[in-house]
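Text of the file coords_3.txt, holding compact mmCIF, C-alpha atoms:
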```txt
# COMPACT_ATOMS: atom_id res chain seq x y z
CA MET T 1 -44.09 -3.86 -28.57
CA ILE T 2 -45.95 -4.83 -31.73
CA GLN T 3 -48.81 -2.84 -33.27
CA LEU T 4 -51.94 -4.55 -34.58
CA PRO T 5 -54.71 -2.83 -36.60
CA ILE T 6 -58.08 -2.70 -34.81
CA ILE T 7 -61.35 -3.01 -36.68
CA SER T 8 -63.62 0.09 -36.69
CA SER T 9 -60.99 2.23 -34.98
CA GLY T 10 -60.06 4.74 -37.66
CA PRO T 11 -61.84 7.24 -39.88
CA THR T 12 -62.13 4.57 -42.61
CA ALA T 13 -61.50 0.83 -42.84
CA LEU T 14 -58.31 1.57 -44.77
CA GLN T 15 -57.01 3.87 -42.04
CA PRO T 16 -57.16 1.72 -38.91
CA ARG T 17 -55.63 2.70 -35.60
CA PHE T 18 -53.70 0.19 -33.53
CA THR T 19 -53.63 -1.80 -30.34
CA CYS T 20 -50.37 -3.18 -28.96
CA LEU T 21 -48.92 -6.51 -27.96
CA ASN T 22 -45.84 -7.19 -25.86
CA ALA T 23 -43.09 -8.99 -27.77
CA GLU T 24 -40.95 -9.91 -24.75
CA ASP T 25 -41.00 -13.28 -22.95
CA VAL T 26 -42.71 -14.98 -25.91
CA TYR T 27 -41.79 -18.67 -26.30
CA ALA T 28 -44.29 -19.79 -28.95
CA VAL T 29 -46.82 -18.55 -31.47
CA SER T 30 -49.62 -20.81 -32.69
CA LYS T 31 -52.89 -20.88 -34.56
CA ALA T 32 -55.94 -21.85 -32.53
CA ASN T 33 -57.82 -24.98 -33.58
CA THR T 34 -61.18 -23.35 -32.97
CA PRO T 35 -62.02 -20.74 -33.91
CA ALA T 36 -59.51 -20.92 -36.74
CA ASP T 37 -58.91 -17.19 -37.06
CA VAL T 38 -57.31 -16.72 -33.67
CA ILE T 39 -53.55 -16.44 -33.16
CA HIS T 40 -52.15 -17.46 -29.78
CA VAL T 41 -48.98 -15.82 -28.49
CA HIS T 42 -47.57 -17.78 -25.55
CA TYR T 43 -45.58 -16.14 -22.75
CA ALA T 44 -43.43 -17.61 -19.95
CA ILE T 45 -42.56 -15.06 -17.27
CA LEU T 46 -40.53 -15.18 -14.09
CA ALA T 47 -42.34 -12.49 -12.12
CA VAL T 48 -39.61 -12.12 -9.50
CA ALA T 49 -36.07 -13.45 -9.36
CA SER T 50 -36.92 -15.96 -6.64
CA ASP T 51 -39.56 -17.68 -8.79
CA THR T 52 -38.62 -21.25 -9.62
CA ALA T 53 -41.38 -21.81 -12.18
CA PRO T 54 -42.56 -19.32 -14.76
CA LEU T 55 -46.07 -17.99 -15.15
CA TYR T 56 -47.64 -19.16 -18.37
CA LEU T 57 -49.93 -16.71 -20.14
CA ARG T 58 -51.48 -16.60 -23.59
CA ALA T 59 -52.59 -13.67 -25.72
CA SER T 60 -55.41 -14.53 -28.12
CA ILE T 61 -55.59 -12.26 -31.16
CA ASP T 62 -59.03 -12.56 -32.71
CA TYR T 63 -59.53 -12.03 -36.46
CA THR T 64 -63.02 -13.54 -36.64
CA ASN T 65 -64.80 -10.70 -38.42
CA GLY T 66 -65.18 -12.41 -41.80
CA SER T 67 -66.88 -15.63 -42.79
CA THR T 68 -63.79 -17.11 -44.45
CA ALA T 69 -60.52 -18.10 -42.78
CA VAL T 70 -57.82 -15.43 -43.03
CA VAL T 71 -55.03 -16.62 -40.72
CA THR T 72 -52.47 -18.83 -42.48
CA ASP T 73 -49.45 -20.81 -41.33
CA GLN T 74 -47.29 -18.20 -43.04
CA ASP T 75 -48.87 -15.54 -40.81
CA ILE T 76 -47.69 -17.48 -37.77
CA GLU T 77 -44.14 -17.59 -39.16
CA ASN T 78 -44.30 -13.90 -40.03
CA LEU T 79 -45.42 -12.99 -36.51
CA LYS T 80 -42.62 -15.10 -35.00
CA ASN T 81 -40.11 -13.27 -37.19
CA LEU T 82 -41.58 -9.90 -36.25
CA ILE T 83 -41.34 -10.78 -32.54
CA LYS T 84 -37.70 -11.77 -33.03
CA SER T 85 -37.06 -8.52 -34.86
CA ALA T 86 -38.79 -6.43 -32.20
CA ASN T 87 -36.63 -8.02 -29.52
CA GLN T 88 -33.48 -7.22 -31.47
CA ASN T 89 -34.58 -3.57 -31.55
CA PRO T 90 -36.05 -2.91 -28.08
CA SER T 91 -37.52 0.53 -28.82
CA SER T 92 -39.08 -0.51 -32.09
CA THR T 93 -42.85 -0.84 -32.46
CA PRO T 94 -43.35 -2.70 -35.77
CA GLU T 95 -46.79 -3.30 -37.27
CA PHE T 96 -48.07 -6.82 -37.86
CA GLU T 97 -50.46 -7.36 -40.74
CA LEU T 98 -51.90 -10.64 -42.00
CA ILE T 99 -50.43 -11.61 -45.34
CA GLY T 100 -53.87 -11.69 -46.99
CA ALA T 101 -54.41 -7.99 -46.24
CA ARG T 102 -52.14 -7.15 -49.16
CA ASP T 103 -54.76 -8.31 -51.63
CA ALA T 104 -57.83 -7.26 -49.65
CA THR T 105 -60.36 -4.81 -51.03
CA VAL T 106 -62.07 -1.94 -49.25
CA SER T 107 -64.94 -4.25 -48.43
CA THR T 108 -62.78 -7.15 -47.15
CA ILE T 109 -59.91 -5.35 -45.40
CA THR T 110 -61.75 -5.45 -42.07
CA ASP T 111 -61.53 -9.26 -42.13
CA TYR T 112 -57.77 -8.79 -41.63
CA GLN T 113 -58.10 -6.42 -38.67
CA VAL T 114 -58.20 -7.39 -35.00
CA VAL T 115 -61.64 -7.85 -33.45
CA ASP T 116 -60.42 -8.50 -29.93
CA ILE T 117 -57.30 -9.31 -27.97
CA GLN T 118 -57.25 -10.94 -24.54
CA ILE T 119 -54.70 -12.39 -22.12
CA LYS T 120 -55.37 -15.57 -20.18
CA ALA T 121 -53.40 -17.88 -17.95
CA GLU T 122 -52.75 -21.33 -19.42
CA GLU T 123 -50.88 -24.56 -18.97
CA PRO T 124 -47.48 -24.64 -20.73
CA TYR T 125 -47.98 -24.81 -24.49
CA SER T 126 -46.56 -27.67 -26.53
CA SER T 127 -46.55 -27.83 -30.29
CA THR T 128 -46.18 -31.62 -30.35
CA VAL T 129 -49.24 -33.58 -31.43
CA MET N 1 -36.12 2.21 -14.70
CA SER N 2 -39.83 1.96 -15.45
CA ASN N 3 -41.68 3.82 -18.09
CA PHE N 4 -45.24 5.03 -17.60
CA ILE N 5 -48.22 6.43 -19.38
CA LYS N 6 -50.22 9.18 -17.73
CA VAL N 7 -54.00 8.90 -17.84
CA PRO N 8 -55.57 12.34 -17.26
CA LEU N 9 -58.36 12.10 -14.68
CA ALA N 10 -61.41 14.31 -15.11
CA ILE N 11 -61.92 16.73 -12.22
CA ASP N 12 -65.56 17.06 -11.18
CA PRO N 13 -66.89 16.19 -14.63
CA ALA N 14 -70.57 16.36 -15.44
CA ARG N 15 -71.73 12.75 -15.21
CA SER N 16 -74.46 10.24 -14.52
CA PHE N 17 -76.17 9.12 -11.34
CA ILE N 18 -75.21 5.74 -9.91
CA GLY N 19 -77.66 2.95 -10.66
CA SER N 20 -78.15 1.77 -7.08
CA GLU N 21 -80.27 3.13 -4.24
CA ILE N 22 -79.27 6.52 -2.84
CA SER N 23 -80.39 7.65 0.61
CA VAL N 24 -81.01 11.39 0.30
CA GLY N 25 -81.95 12.00 3.93
CA THR N 26 -84.81 13.59 5.79
CA LEU N 27 -86.72 16.86 5.43
CA ASN N 28 -84.36 19.84 5.74
CA SER N 29 -81.49 17.42 6.20
CA GLY N 30 -81.20 16.11 2.66
CA TYR N 31 -84.26 17.47 0.90
CA THR N 32 -86.78 20.29 1.08
CA GLY N 33 -90.46 20.59 0.16
CA GLY N 34 -92.80 17.65 -0.13
CA GLY N 35 -95.88 19.18 1.53
CA THR N 36 -98.02 16.37 2.90
CA ARG N 37 -95.94 13.22 2.71
CA VAL N 38 -97.06 9.61 2.89
CA ALA N 39 -94.59 6.73 3.25
CA GLY N 40 -95.10 3.73 0.99
CA THR N 41 -93.70 1.65 -1.81
CA SER N 42 -91.66 3.12 -4.65
CA VAL N 43 -93.22 5.58 -7.09
CA GLY N 44 -91.70 6.62 -10.39
CA SER N 45 -90.49 10.20 -10.64
CA GLY N 46 -91.10 10.62 -14.34
CA ALA N 47 -88.97 13.36 -15.91
CA THR N 48 -87.03 15.47 -13.41
CA THR N 49 -85.73 19.02 -13.58
CA THR N 50 -82.39 20.37 -12.40
CA SER N 51 -80.69 23.67 -11.73
CA GLY N 52 -77.75 22.54 -13.88
CA ASN N 53 -77.33 21.07 -17.34
CA GLY N 54 -78.07 17.45 -16.52
CA THR N 55 -80.75 15.60 -18.40
CA GLY N 56 -82.45 12.25 -18.48
CA ALA N 57 -82.32 11.03 -14.89
CA ALA N 58 -85.48 9.42 -13.53
CA PHE N 59 -85.88 7.71 -10.20
CA GLY N 60 -87.90 5.32 -8.17
CA ILE N 61 -88.79 7.37 -5.07
CA THR N 62 -89.44 5.92 -1.64
CA LEU N 63 -90.33 7.66 1.62
CA THR N 64 -90.01 5.44 4.68
CA GLY N 65 -90.48 5.57 8.41
CA GLY N 66 -91.90 8.21 10.68
CA THR N 67 -89.23 10.69 9.59
CA PHE N 68 -89.95 10.17 5.87
CA VAL N 69 -86.43 9.27 4.84
CA LEU N 70 -86.15 9.84 1.10
CA ALA N 71 -84.44 7.22 -1.05
CA ILE N 72 -84.11 7.38 -4.82
CA THR N 73 -82.98 4.74 -7.31
CA ALA N 74 -82.05 5.56 -10.90
CA THR N 75 -82.45 2.02 -12.13
CA SER N 76 -83.22 2.57 -15.79
CA ALA N 77 -82.40 6.24 -16.44
CA ILE N 78 -79.13 7.40 -14.89
CA GLY N 79 -79.04 10.53 -17.06
CA GLU N 80 -75.94 12.52 -17.96
CA GLY N 81 -74.45 15.93 -17.29
CA TYR N 82 -75.10 16.25 -13.56
CA LYS N 83 -72.62 17.94 -11.23
CA VAL N 84 -72.15 18.07 -7.48
CA GLY N 85 -74.13 21.01 -6.07
CA ASP N 86 -76.81 21.03 -8.77
CA THR N 87 -80.31 20.62 -7.40
CA VAL N 88 -82.88 18.15 -8.68
CA THR N 89 -86.62 18.64 -8.36
CA LEU N 90 -89.05 15.73 -8.12
CA ALA N 91 -92.59 16.66 -9.12
CA ALA N 92 -95.37 16.09 -6.55
CA LYS N 93 -97.02 12.66 -6.55
CA ALA N 94 -100.70 12.20 -5.89
CA ALA N 95 -101.82 10.00 -3.03
CA SER N 96 -102.34 6.33 -3.82
CA THR N 97 -102.95 3.53 -1.34
CA GLY N 98 -99.70 1.96 -0.13
CA VAL N 99 -97.53 4.03 -2.46
CA THR N 100 -95.16 6.88 -1.59
CA SER N 101 -96.76 10.27 -2.24
CA PHE N 102 -96.05 13.94 -1.55
CA SER N 103 -98.30 16.90 -2.27
CA ALA N 104 -95.57 19.40 -3.22
CA ASP N 105 -92.37 19.18 -5.21
CA ILE N 106 -89.27 17.82 -3.45
CA THR N 107 -85.85 19.34 -4.11
CA PHE N 108 -82.48 17.94 -3.14
CA ALA N 109 -78.87 18.91 -3.81
CA ILE N 110 -76.62 16.45 -5.61
CA THR N 111 -73.68 15.14 -3.57
CA ALA N 112 -70.64 13.25 -4.84
CA VAL N 113 -71.88 9.86 -3.62
CA MET N 114 -74.97 10.16 -5.82
CA LEU N 115 -72.93 10.35 -9.03
CA ALA N 116 -70.63 7.94 -10.87
CA ALA N 117 -67.40 7.51 -8.92
CA ILE N 118 -64.38 9.55 -9.98
CA GLU N 119 -60.74 9.55 -8.94
CA GLY N 120 -59.69 12.93 -10.25
CA SER N 121 -59.24 16.00 -8.06
CA ALA N 122 -57.18 19.17 -7.99
CA THR N 123 -54.44 17.17 -6.27
CA ASN N 124 -54.88 13.98 -8.30
CA GLU N 125 -54.80 14.91 -11.96
CA TYR N 126 -53.23 11.75 -13.41
CA ALA N 127 -53.18 8.02 -12.94
CA LEU N 128 -49.86 6.39 -13.80
CA ILE N 129 -49.70 3.00 -15.50
CA PRO N 130 -46.27 1.34 -15.76
CA ILE N 131 -45.85 -0.12 -19.23
CA ASP N 132 -42.88 -2.45 -18.76
CA ASN N 133 -45.07 -5.52 -18.24
CA VAL N 134 -48.05 -4.48 -20.34
CA ALA N 135 -49.20 -7.37 -22.50
CA CYS N 136 -51.88 -5.69 -24.58
CA VAL N 137 -54.79 -3.27 -24.59
CA SER N 138 -58.20 -4.84 -25.02
CA GLY N 139 -61.52 -3.11 -25.52
CA VAL N 140 -64.33 -3.77 -23.07
CA SER N 141 -67.03 -1.28 -24.09
CA ALA N 142 -67.45 2.30 -25.26
CA THR N 143 -66.81 3.41 -21.67
CA ALA N 144 -64.06 1.01 -20.58
CA CYS N 145 -60.88 -0.66 -21.76
CA ASP N 146 -58.37 -2.94 -20.08
CA VAL N 147 -54.61 -2.63 -20.04
CA GLN N 148 -53.69 -6.25 -19.42
CA VAL N 149 -50.42 -7.06 -17.70
CA LEU N 150 -48.15 -10.10 -17.93
CA GLU N 151 -48.78 -11.02 -14.30
CA TYR N 152 -51.21 -13.14 -12.35
CA ASN N 153 -53.23 -11.39 -9.71
CA GLN N 154 -51.75 -13.24 -6.76
CA ALA N 155 -54.51 -11.95 -4.49
CA THR N 156 -57.05 -14.04 -6.35
CA SER N 157 -55.01 -16.97 -7.63
CA SER N 158 -51.50 -18.15 -8.39
CA SER N 159 -52.61 -21.13 -10.43
CA ALA N 160 -52.44 -21.57 -14.17
CA SER N 161 -56.11 -20.71 -14.36
CA GLY N 162 -55.52 -17.61 -12.26
CA LYS N 163 -56.76 -14.17 -13.02
CA VAL N 164 -54.49 -11.94 -15.06
CA THR N 165 -53.72 -8.52 -13.64
CA LYS N 166 -55.21 -5.56 -15.49
CA TYR N 167 -55.83 -1.85 -15.24
CA THR N 168 -59.41 -0.95 -16.17
CA ILE N 169 -59.80 2.59 -17.51
CA THR N 170 -63.38 3.87 -17.27
CA VAL N 171 -64.58 6.97 -19.09
CA ASP N 172 -67.85 8.87 -18.92
CA ASN N 173 -70.48 8.14 -21.57
CA ALA N 174 -70.47 11.77 -22.69
CA PRO N 175 -68.67 12.99 -24.71
CA ALA N 176 -69.17 9.61 -26.33
CA THR N 177 -66.35 7.53 -27.74
CA THR N 178 -66.25 3.98 -29.12
CA LYS N 179 -64.76 0.74 -27.84
CA ALA N 180 -62.19 0.65 -30.64
CA ALA N 181 -61.28 4.34 -30.38
CA LEU N 182 -60.79 4.09 -26.62
CA GLN N 183 -58.61 1.00 -27.10
CA ALA N 184 -56.56 2.78 -29.76
CA ASP N 185 -56.16 5.95 -27.66
CA VAL N 186 -54.66 4.01 -24.76
CA ALA N 187 -52.55 1.79 -27.04
CA ALA N 188 -51.15 4.86 -28.82
CA ALA N 189 -49.74 6.20 -25.56
CA ILE N 190 -48.23 2.80 -24.68
CA ILE N 191 -46.66 2.48 -28.14
CA LYS N 192 -45.22 5.98 -27.80
CA ALA N 193 -43.82 5.18 -24.35
CA ALA N 194 -42.35 1.90 -25.59
CA SER N 195 -40.55 3.64 -28.42
CA ALA N 196 -39.13 6.47 -26.31
CA GLU N 197 -37.60 5.61 -22.95
CA ASN N 198 -38.86 7.90 -20.15
CA ALA N 199 -41.29 9.67 -22.49
CA GLN N 200 -44.19 9.18 -20.06
CA PRO N 201 -46.81 10.34 -22.59
CA ASP N 202 -50.37 11.35 -21.73
CA VAL N 203 -53.28 9.33 -23.06
CA LYS N 204 -55.05 11.61 -25.55
CA PHE N 205 -58.73 10.77 -25.74
CA THR N 206 -59.60 11.70 -29.32
CA SER N 207 -63.28 12.28 -28.66
CA GLY N 208 -62.69 14.36 -25.54
CA ALA N 209 -63.76 11.44 -23.37
CA GLU N 210 -63.39 12.09 -19.64
CA CYS N 211 -61.60 9.47 -17.55
CA LEU N 212 -63.46 8.68 -14.35
CA THR N 213 -61.36 5.92 -12.79
CA VAL N 214 -58.31 3.70 -13.33
CA VAL N 215 -58.63 0.53 -11.26
CA LEU N 216 -56.00 -2.20 -10.83
CA SER N 217 -57.47 -5.66 -10.34
```

Rendering of file as structure tokens:
Amino acid sequence: MIQLPIISSGPTALQPRFTCLNAEDVYAVSKANTPADVIHVHYAILAVASDTAPLYLRASIDYTNGSTAVVTDQDIENLKNLIKSANQNPSSTPEFELIGARDATVSTITDYQVVDIQIKAEEPYSSTV
Amino acid sequence: MSNFIKVPLAIDPARSFIGSEISVGTLNSGYTGGGTRVAGTSVGSGATTTSGNGTGAAFGITLTGGTFVLAITATSAIGEGYKVGDTVTLAAKAASTGVTSFSADITFAITAVMLAAIEGSATNEYALIPIDNVACVSGVSATACDVQVLEYNQATSSSASGKVTKYTITVDNAPATTKAALQADVAAAIIKAASAENAQPDVKFTSGAECLTVVLS
């Protein structure tokens, strides 16, 4: 399980509280085309042992609070690495933070916090273009 | 072995009226008073009074038929703080052609079906949510959040566009919380459960919010 800071959840913007995201059964992480500040985490799940085809689901992590783009390709790589790490340590609950949050100010830190997170069913994801 | 979070369910909390029509009943079998009654179209109650601590509820009032069945609808003012057994008094309404009227105040006792639905009782203090397949916690509003699960709801669809299974946790609007705080409260319990096998932690609502229902859909 990965922790993600939620906007407007804590006593101050610099003290956010967290929502959670499952790190198991993930097969891809991608950046949405539109809107740009959404990260997609793609899951393939065999619900029961007799299933012959997996269920394909997608978590959309929304960072669209600010007017400028904050999600970078490096963030996608960092989240992949964190998911790998979380799966190597099953009881761990690491925090994921966008790389730009390191240099954010009090007034811009909320741009790097999660506005919304939703799960949807989808067709299998492919990174080929 | 599954791990769970426990969501404490409020037991007979003070709460709001439902927003749809409520049939109260007939004279002495649902309500008392009313004096001279005339059936007609709906009339607004204006501010109401109660024997308890509830405030803010206002109703459209209708008397129908030869037995003057009383129906009330809290369409725009569901109020807050009402409990089963409290009485509500509707002030008398002057006669007006075609409109419901009654020459003396009407009083009725609140029953459970008149108020927002709850699951909690002395023998049902917690709802359990298994966390093994939890995908994430998403905020819906200041009174609801969803625990979304990595499963399709096979009852509605098994296709790729199918509906994803979720537990919707609904809390009362008083004491008030926020969408983000509610989301974080539930997520905190899931994170704790995920980091400690068999911990089965309670959800701690930081604002004292009262959980009304946990519905799987």

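Near Thr62 in chain N, within 7 Å and counting all atoms listed in the file, sit Gly40, Thr41, Ser42, Val43, Gly60, Thr64, Leu70, Ala71, Ile72 and Thr100 of chain N; same-chain residues fewer than 2 positions away were not included.
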
- Message: Between N:Ser207, N:Gln200, N:Gln183, N:Thr75, which residue has the minimum interatomic distance to chain T, considering all atoms listed in the file?
- Response: N:Gln183

- Write out as an MDAnalysis selection string which residues come within 9 Å of Tyr125 in chain T when counting only C-alpha atoms, dropping same-chain ones fewer than 3 positions away. chainID T and resid 27:28 42 56 58 122

- Would you mind telling me which residue in N:Ala77, N:Ala122, N:Val137, N:Leu90 lies nearest to chain T when using all atoms listed in the file?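 Counting all atoms listed in the file, the residue closest to chain T is N:Val137.
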
Closest contacts (range 125-217 of chain N/range 4-23 of chain N, max 12 Å, only C-alpha atoms) as a tab-separated table:
```
residue	atom	partner	partner_atom	distance
N:Glu125	CA	N:Leu9	CA	5.3
N:Tyr126	CA	N:Pro8	CA	4.5
N:Ala127	CA	N:Val7	CA	5.0
N:Leu128	CA	N:Lys6	CA	4.8
N:Ile129	CA	N:Phe4	CA	5.3
N:Pro130	CA	N:Phe4	CA	4.3
N:Ile131	CA	N:Phe4	CA	5.4
N:Asp132	CA	N:Phe4	CA	7.9
N:Asn133	CA	N:Phe4	CA	10.6
N:Val134	CA	N:Phe4	CA	10.3
N:Val147	CA	N:Ile5	CA	11.1
N:Tyr167	CA	N:Val7	CA	11.2
N:Thr168	CA	N:Val7	CA	11.4
N:Ile169	CA	N:Val7	CA	8.6
N:Thr170	CA	N:Leu9	CA	10.0
N:Val171	CA	N:Ala10	CA	8.9
N:Asp172	CA	N:Arg15	CA	6.6
N:Asn173	CA	N:Arg15	CA	8.0
N:Ala174	CA	N:Arg15	CA	7.6
N:Pro175	CA	N:Arg15	CA	10.0
N:Ala176	CA	N:Arg15	CA	11.8
N:Asp185	CA	N:Val7	CA	10.5
N:Val186	CA	N:Val7	CA	8.5
N:Ala187	CA	N:Ile5	CA	9.9
N:Ala188	CA	N:Ile5	CA	10.0
N:Ala189	CA	N:Ile5	CA	6.4
N:Ile190	CA	N:Ile5	CA	6.4
N:Ile191	CA	N:Ile5	CA	9.7
N:Lys192	CA	N:Ile5	CA	8.9
N:Ala193	CA	N:Ile5	CA	6.8
N:Ala194	CA	N:Phe4	CA	9.1
N:Ser195	CA	N:Phe4	CA	11.9
N:Ala196	CA	N:Phe4	CA	10.7
N:Glu197	CA	N:Phe4	CA	9.3
N:Asn198	CA	N:Phe4	CA	7.4
N:Ala199	CA	N:Phe4	CA	7.8
N:Gln200	CA	N:Ile5	CA	4.9
N:Pro201	CA	N:Ile5	CA	5.3
N:Asp202	CA	N:Lys6	CA	4.6
N:Val203	CA	N:Val7	CA	5.3
N:Lys204	CA	N:Val7	CA	8.2
N:Phe205	CA	N:Pro8	CA	9.2
N:Gly208	CA	N:Ala10	CA	10.5
N:Ala209	CA	N:Ala10	CA	9.1
N:Glu210	CA	N:Ala10	CA	5.4
N:Cys211	CA	N:Leu9	CA	5.1
N:Leu212	CA	N:Ala10	CA	6.0
N:Thr213	CA	N:Leu9	CA	7.1
N:Val214	CA	N:Val7	CA	8.1
N:Val215	CA	N:Val7	CA	11.6
```

So that I have them on file, write out the residues from the current selection with C-alpha atoms, as a PDB file, in the coordinates of the input.
```pdb
ATOM      1  CA  GLU N 125     -54.800  14.910 -11.960  1.00  0.00           C
ATOM      2  CA  TYR N 126     -53.230  11.750 -13.410  1.00  0.00           C
ATOM      3  CA  ALA N 127     -53.180   8.020 -12.940  1.00  0.00           C
ATOM      4  CA  LEU N 128     -49.860   6.390 -13.800  1.00  0.00           C
ATOM      5  CA  ILE N 129     -49.700   3.000 -15.500  1.00  0.00           C
ATOM      6  CA  PRO N 130     -46.270   1.340 -15.760  1.00  0.00           C
ATOM      7  CA  ILE N 131     -45.850  -0.120 -19.230  1.00  0.00           C
ATOM      8  CA  ASP N 132     -42.880  -2.450 -18.760  1.00  0.00           C
ATOM      9  CA  ASN N 133     -45.070  -5.520 -18.240  1.00  0.00           C
ATOM     10  CA  VAL N 134     -48.050  -4.480 -20.340  1.00  0.00           C
ATOM     11  CA  VAL N 147     -54.610  -2.630 -20.040  1.00  0.00           C
ATOM     12  CA  TYR N 167     -55.830  -1.850 -15.240  1.00  0.00           C
ATOM     13  CA  THR N 168     -59.410  -0.950 -16.170  1.00  0.00           C
ATOM     14  CA  ILE N 169     -59.800   2.590 -17.510  1.00  0.00           C
ATOM     15  CA  THR N 170     -63.380   3.870 -17.270  1.00  0.00           C
ATOM     16  CA  VAL N 171     -64.580   6.970 -19.090  1.00  0.00           C
ATOM     17  CA  ASP N 172     -67.850   8.870 -18.920  1.00  0.00           C
ATOM     18  CA  ASN N 173     -70.480   8.140 -21.570  1.00  0.00           C
ATOM     19  CA  ALA N 174     -70.470  11.770 -22.690  1.00  0.00           C
ATOM     20  CA  PRO N 175     -68.670  12.990 -24.710  1.00  0.00           C
ATOM     21  CA  ALA N 176     -69.170   9.610 -26.330  1.00  0.00           C
ATOM     22  CA  ASP N 185     -56.160   5.950 -27.660  1.00  0.00           C
ATOM     23  CA  VAL N 186     -54.660   4.010 -24.760  1.00  0.00           C
ATOM     24  CA  ALA N 187     -52.550   1.790 -27.040  1.00  0.00           C
ATOM     25  CA  ALA N 188     -51.150   4.860 -28.820  1.00  0.00           C
ATOM     26  CA  ALA N 189     -49.740   6.200 -25.560  1.00  0.00           C
ATOM     27  CA  ILE N 190     -48.230   2.800 -24.680  1.00  0.00           C
ATOM     28  CA  ILE N 191     -46.660   2.480 -28.140  1.00  0.00           C
ATOM     29  CA  LYS N 192     -45.220   5.980 -27.800  1.00  0.00           C
ATOM     30  CA  ALA N 193     -43.820   5.180 -24.350  1.00  0.00           C
ATOM     31  CA  ALA N 194     -42.350   1.900 -25.590  1.00  0.00           C
ATOM     32  CA  SER N 195     -40.550   3.640 -28.420  1.00  0.00           C
ATOM     33  CA  ALA N 196     -39.130   6.470 -26.310  1.00  0.00           C
ATOM     34  CA  GLU N 197     -37.600   5.610 -22.950  1.00  0.00           C
ATOM     35  CA  ASN N 198     -38.860   7.900 -20.150  1.00  0.00           C
ATOM     36  CA  ALA N 199     -41.290   9.670 -22.490  1.00  0.00           C
ATOM     37  CA  GLN N 200     -44.190   9.180 -20.060  1.00  0.00           C
ATOM     38  CA  PRO N 201     -46.810  10.340 -22.590  1.00  0.00           C
ATOM     39  CA  ASP N 202     -50.370  11.350 -21.730  1.00  0.00           C
ATOM     40  CA  VAL N 203     -53.280   9.330 -23.060  1.00  0.00           C
ATOM     41  CA  LYS N 204     -55.050  11.610 -25.550  1.00  0.00           C
ATOM     42  CA  PHE N 205     -58.730  10.770 -25.740  1.00  0.00           C
ATOM     43  CA  GLY N 208     -62.690  14.360 -25.540  1.00  0.00           C
ATOM     44  CA  ALA N 209     -63.760  11.440 -23.370  1.00  0.00           C
ATOM     45  CA  GLU N 210     -63.390  12.090 -19.640  1.00  0.00           C
ATOM     46  CA  CYS N 211     -61.600   9.470 -17.550  1.00  0.00           C
ATOM     47  CA  LEU N 212     -63.460   8.680 -14.350  1.00  0.00           C
ATOM     48  CA  THR N 213     -61.360   5.920 -12.790  1.00  0.00           C
ATOM     49  CA  VAL N 214     -58.310   3.700 -13.330  1.00  0.00           C
ATOM     50  CA  VAL N 215     -58.630   0.530 -11.260  1.00  0.00           C
TER      51      VAL N 215
END
```

- Restricting the calculation to all atoms listed in the file, which member of T:Ile39, T:Ile6, T:Ala23, T:Val115 is positioned closest to Ser92 in chain T?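 Nearest to Ser92 in chain T: T:Ala23.
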
- Task: Could you please tell me, as a PyMOL selection string, which residues of chain T have an atom within 8 Å of chain N when using only C-alpha atoms?
- Result: chain T and resi 1+3+6-10+17-22+45+47+55-57+59+90-93+116-123

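If you measure from each of N:Gly25, N:Gly66, N:Gly85, N:Gly79 to Gly52 in chain N using all atoms listed in the file, the closest one turns out to be N:Gly85.
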
- Task: Name the residues, using the chain letters and numbers of the file, that sit within 12 Å of (-47.6, -11.0, -47.4) when counting only C-alpha atoms, and give them as a PyMOL selection string.
- Result: chain T and resi 70-79+96-104+112

Save range 93-105 of chain T to disk from that block, C-alpha atoms included, as an mmCIF file, in the first residue's frame.
```cif
data_model
loop_
_atom_site.group_PDB
_atom_site.id
_atom_site.type_symbol
_atom_site.label_atom_id
_atom_site.label_comp_id
_atom_site.auth_asym_id
_atom_site.auth_seq_id
_atom_site.Cartn_x
_atom_site.Cartn_y
_atom_site.Cartn_z
ATOM 1 C CA THR T 93 3.394 1.736 3.357
ATOM 2 C CA PRO T 94 5.806 4.169 1.653
ATOM 3 C CA GLU T 95 4.813 7.724 0.748
ATOM 4 C CA PHE T 96 4.851 8.908 -2.851
ATOM 5 C CA GLU T 97 5.573 12.566 -3.490
ATOM 6 C CA LEU T 98 5.994 14.308 -6.840
ATOM 7 C CA ILE T 99 9.586 15.318 -7.432
ATOM 8 C CA GLY T 100 8.643 18.999 -7.808
ATOM 9 C CA ALA T 101 7.289 19.096 -4.250
ATOM 10 C CA ARG T 102 10.860 19.309 -2.988
ATOM 11 C CA ASP T 103 11.193 22.845 -4.293
ATOM 12 C CA ALA T 104 7.598 23.943 -3.720
ATOM 13 C CA THR T 105 6.739 26.882 -1.492
#
```
